[in-house]
Amino acid sequence: MKRLLITTTLLALSTSTLAEFTNSEPQPKRFGDVGNQLSTIAQVQKLNDNSHVILEGYIVKQLSNDDYTFKDNAGDTITIELEDNVWNGLNVSEKDKIRITGEVDKEWSKTQIDVYQIEKIQ
């Protein structure tokens with residue numbers, strides 16, 4: 001009987017540690033994180049490395065296999081990196097307006113966006 005009580009107690013304690021806590025309170029953003037807000041390239045230039053960004057605009061030029069020049073609605077440009085797996089079969093031209101989601105990649109002398117989602121918008 002004691003053994004059953006101890007086993008049941010240990011089992012109850014071990015399964016409660018597997019439970020996941022979901023907090024309904026808004027989580028604090030990291031410094032420079034824009035969340036789900038659209039950014040401009042001018043704003044992106046001021047953000048920290050690895051900040052999450054969403055931009056709308058146009059791909060105007062392919063620079064290399066994965067690097068492109070992206071122009072926002074204000075006419076500013078920035079280099080974006082779009083790896084093959086991000087495209088998911090999507091075809092775009094310089095006339096197609098797109099929304100990109102990615103991270104700021106700051107290096108010594110340049111800032112670019114590592115894109116992990118792209119979609120055409122109307």
# chains A, B, ... in the order shown; residues from 1 in each chain; ligands from 1

call {"tool": "residues_around", "arguments": {"residues": "A:Lys97", "least_positions_apart": "4", "cutoff": "8 Å", "atoms": "only C-alpha atoms", "output": "VMD selection string"}}
result
chain A and resid 56 to 58 120 to 122

call {"tool": "residues_around", "arguments": {"residues": "A:Ala74", "least_positions_apart": "6", "cutoff": "9 Å", "atoms": "only C-alpha atoms", "output": "list in words"}}
result
Thr40, Ile41, Ala42 and Gly57 of chain A

call {"tool": "write_last_selection", "arguments": {"atoms": "C-alpha atoms", "output": "PDB file, in the first residue's frame"}}
result
ATOM      1  CA  THR A  40      10.820  51.010 -43.347  1.00  0.00           C
ATOM      2  CA  ILE A  41      14.382  50.549 -44.499  1.00  0.00           C
ATOM      3  CA  ALA A  42      15.302  53.784 -42.717  1.00  0.00           C
ATOM      4  CA  GLY A  57       8.194  46.760 -51.295  1.00  0.00           C
TER       5      GLY A  57
END

call {"tool": "select_by_dssp", "arguments": {"residues": "stretch 40-94 of chain A", "states": "helix (DSSP H, G or I)", "output": "PyMOL selection string"}}
result
chain A and resi 41-44+84-87

call {"tool": "residues_around", "arguments": {"residues": "A:Trp87", "least_positions_apart": "6", "cutoff": "10 Å", "atoms": "only C-alpha atoms", "output": "ChimeraX atom specification"}}
result
/A:115-119

call {"tool": "write_last_selection", "arguments": {"atoms": "C-alpha atoms", "output": "compact mmCIF listing (two decimals), in the first residue's frame"}}
result
# COMPACT_ATOMS: atom_id res chain seq x y z
CA VAL A 115 14.54 36.74 -45.11
CA TYR A 116 12.69 33.68 -43.83
CA GLN A 117 9.25 34.42 -45.32
CA ILE A 118 8.14 36.10 -48.57
CA GLU A 119 4.67 36.63 -49.99

call {"tool": "atom_distance", "arguments": {"atom1": "atom CA of A:Asn48", "atom2": "atom CA of A:Val104"}}
result
7.1 Å

call {"tool": "residues_around", "arguments": {"residues": "A:Val44", "least_positions_apart": "5", "cutoff": "10 Å", "atoms": "only C-alpha atoms", "output": "MDAnalysis selection string"}}
result
chainID A and resid 32 34 39 49 51:55 78 103:105 111:113

call {"tool": "write_last_selection", "arguments": {"atoms": "N, CA and C atoms", "output": "compact mmCIF listing (two decimals), in the first residue's frame"}}
result
# COMPACT_ATOMS: atom_id res chain seq x y z
N GLY A 32 14.64 46.72 -29.84
CA GLY A 32 14.73 46.80 -31.29
C GLY A 32 13.79 45.88 -32.03
N VAL A 34 10.42 44.81 -33.60
CA VAL A 34 9.25 45.55 -34.04
C VAL A 34 7.99 44.72 -34.02
N SER A 39 7.98 47.84 -41.04
CA SER A 39 9.13 48.74 -40.87
C SER A 39 9.46 49.37 -42.21
N ASP A 49 21.20 44.19 -34.42
CA ASP A 49 21.38 42.91 -35.10
C ASP A 49 20.37 41.91 -34.55
N SER A 51 17.20 41.80 -34.96
CA SER A 51 15.84 42.32 -34.73
C SER A 51 14.91 41.77 -35.80
N HIS A 52 13.71 41.43 -35.40
CA HIS A 52 12.67 40.93 -36.30
C HIS A 52 12.07 42.09 -37.08
N VAL A 53 11.92 41.95 -38.40
CA VAL A 53 11.36 43.02 -39.22
C VAL A 53 10.38 42.47 -40.25
N ILE A 54 9.44 43.32 -40.63
CA ILE A 54 8.51 43.05 -41.73
C ILE A 54 8.56 44.27 -42.64
N LEU A 55 8.83 44.04 -43.92
CA LEU A 55 8.93 45.12 -44.89
C LEU A 55 8.04 44.83 -46.09
N ILE A 78 17.88 48.19 -49.68
CA ILE A 78 18.71 47.40 -48.78
C ILE A 78 18.92 46.04 -49.44
N GLU A 103 15.17 38.89 -40.34
CA GLU A 103 15.99 39.43 -39.26
C GLU A 103 17.05 40.37 -39.81
N VAL A 104 17.32 41.40 -39.05
CA VAL A 104 18.39 42.33 -39.39
C VAL A 104 19.73 41.62 -39.19
N ASP A 105 20.59 41.73 -40.18
CA ASP A 105 21.93 41.16 -40.11
C ASP A 105 22.92 42.31 -40.26
N THR A 111 24.32 46.66 -43.49
CA THR A 111 23.14 46.05 -42.87
C THR A 111 22.35 45.39 -43.97
N GLN A 112 21.90 44.17 -43.73
CA GLN A 112 21.04 43.50 -44.68
C GLN A 112 19.96 42.74 -43.93
N ILE A 113 19.03 42.16 -44.64
CA ILE A 113 17.93 41.40 -44.04
C ILE A 113 18.07 39.94 -44.47

call {"tool": "atom_distance", "arguments": {"atom1": "atom CA of A:Asp84", "atom2": "atom CA of A:Lys46"}}
result
27.9 Å

call {"tool": "residues_around", "arguments": {"residues": "stretch 68-70 of chain A", "least_positions_apart": "2", "cutoff": "10 Å", "atoms": "only C-alpha atoms", "output": "VMD selection string"}}
result
chain A and resid 41 55 to 66 72 75 to 82 94 98 100 112 to 113

call {"tool": "atom_distance", "arguments": {"atom1": "atom CA of A:Gln43", "atom2": "atom CA of A:Asn88"}}
result
27.9 Å
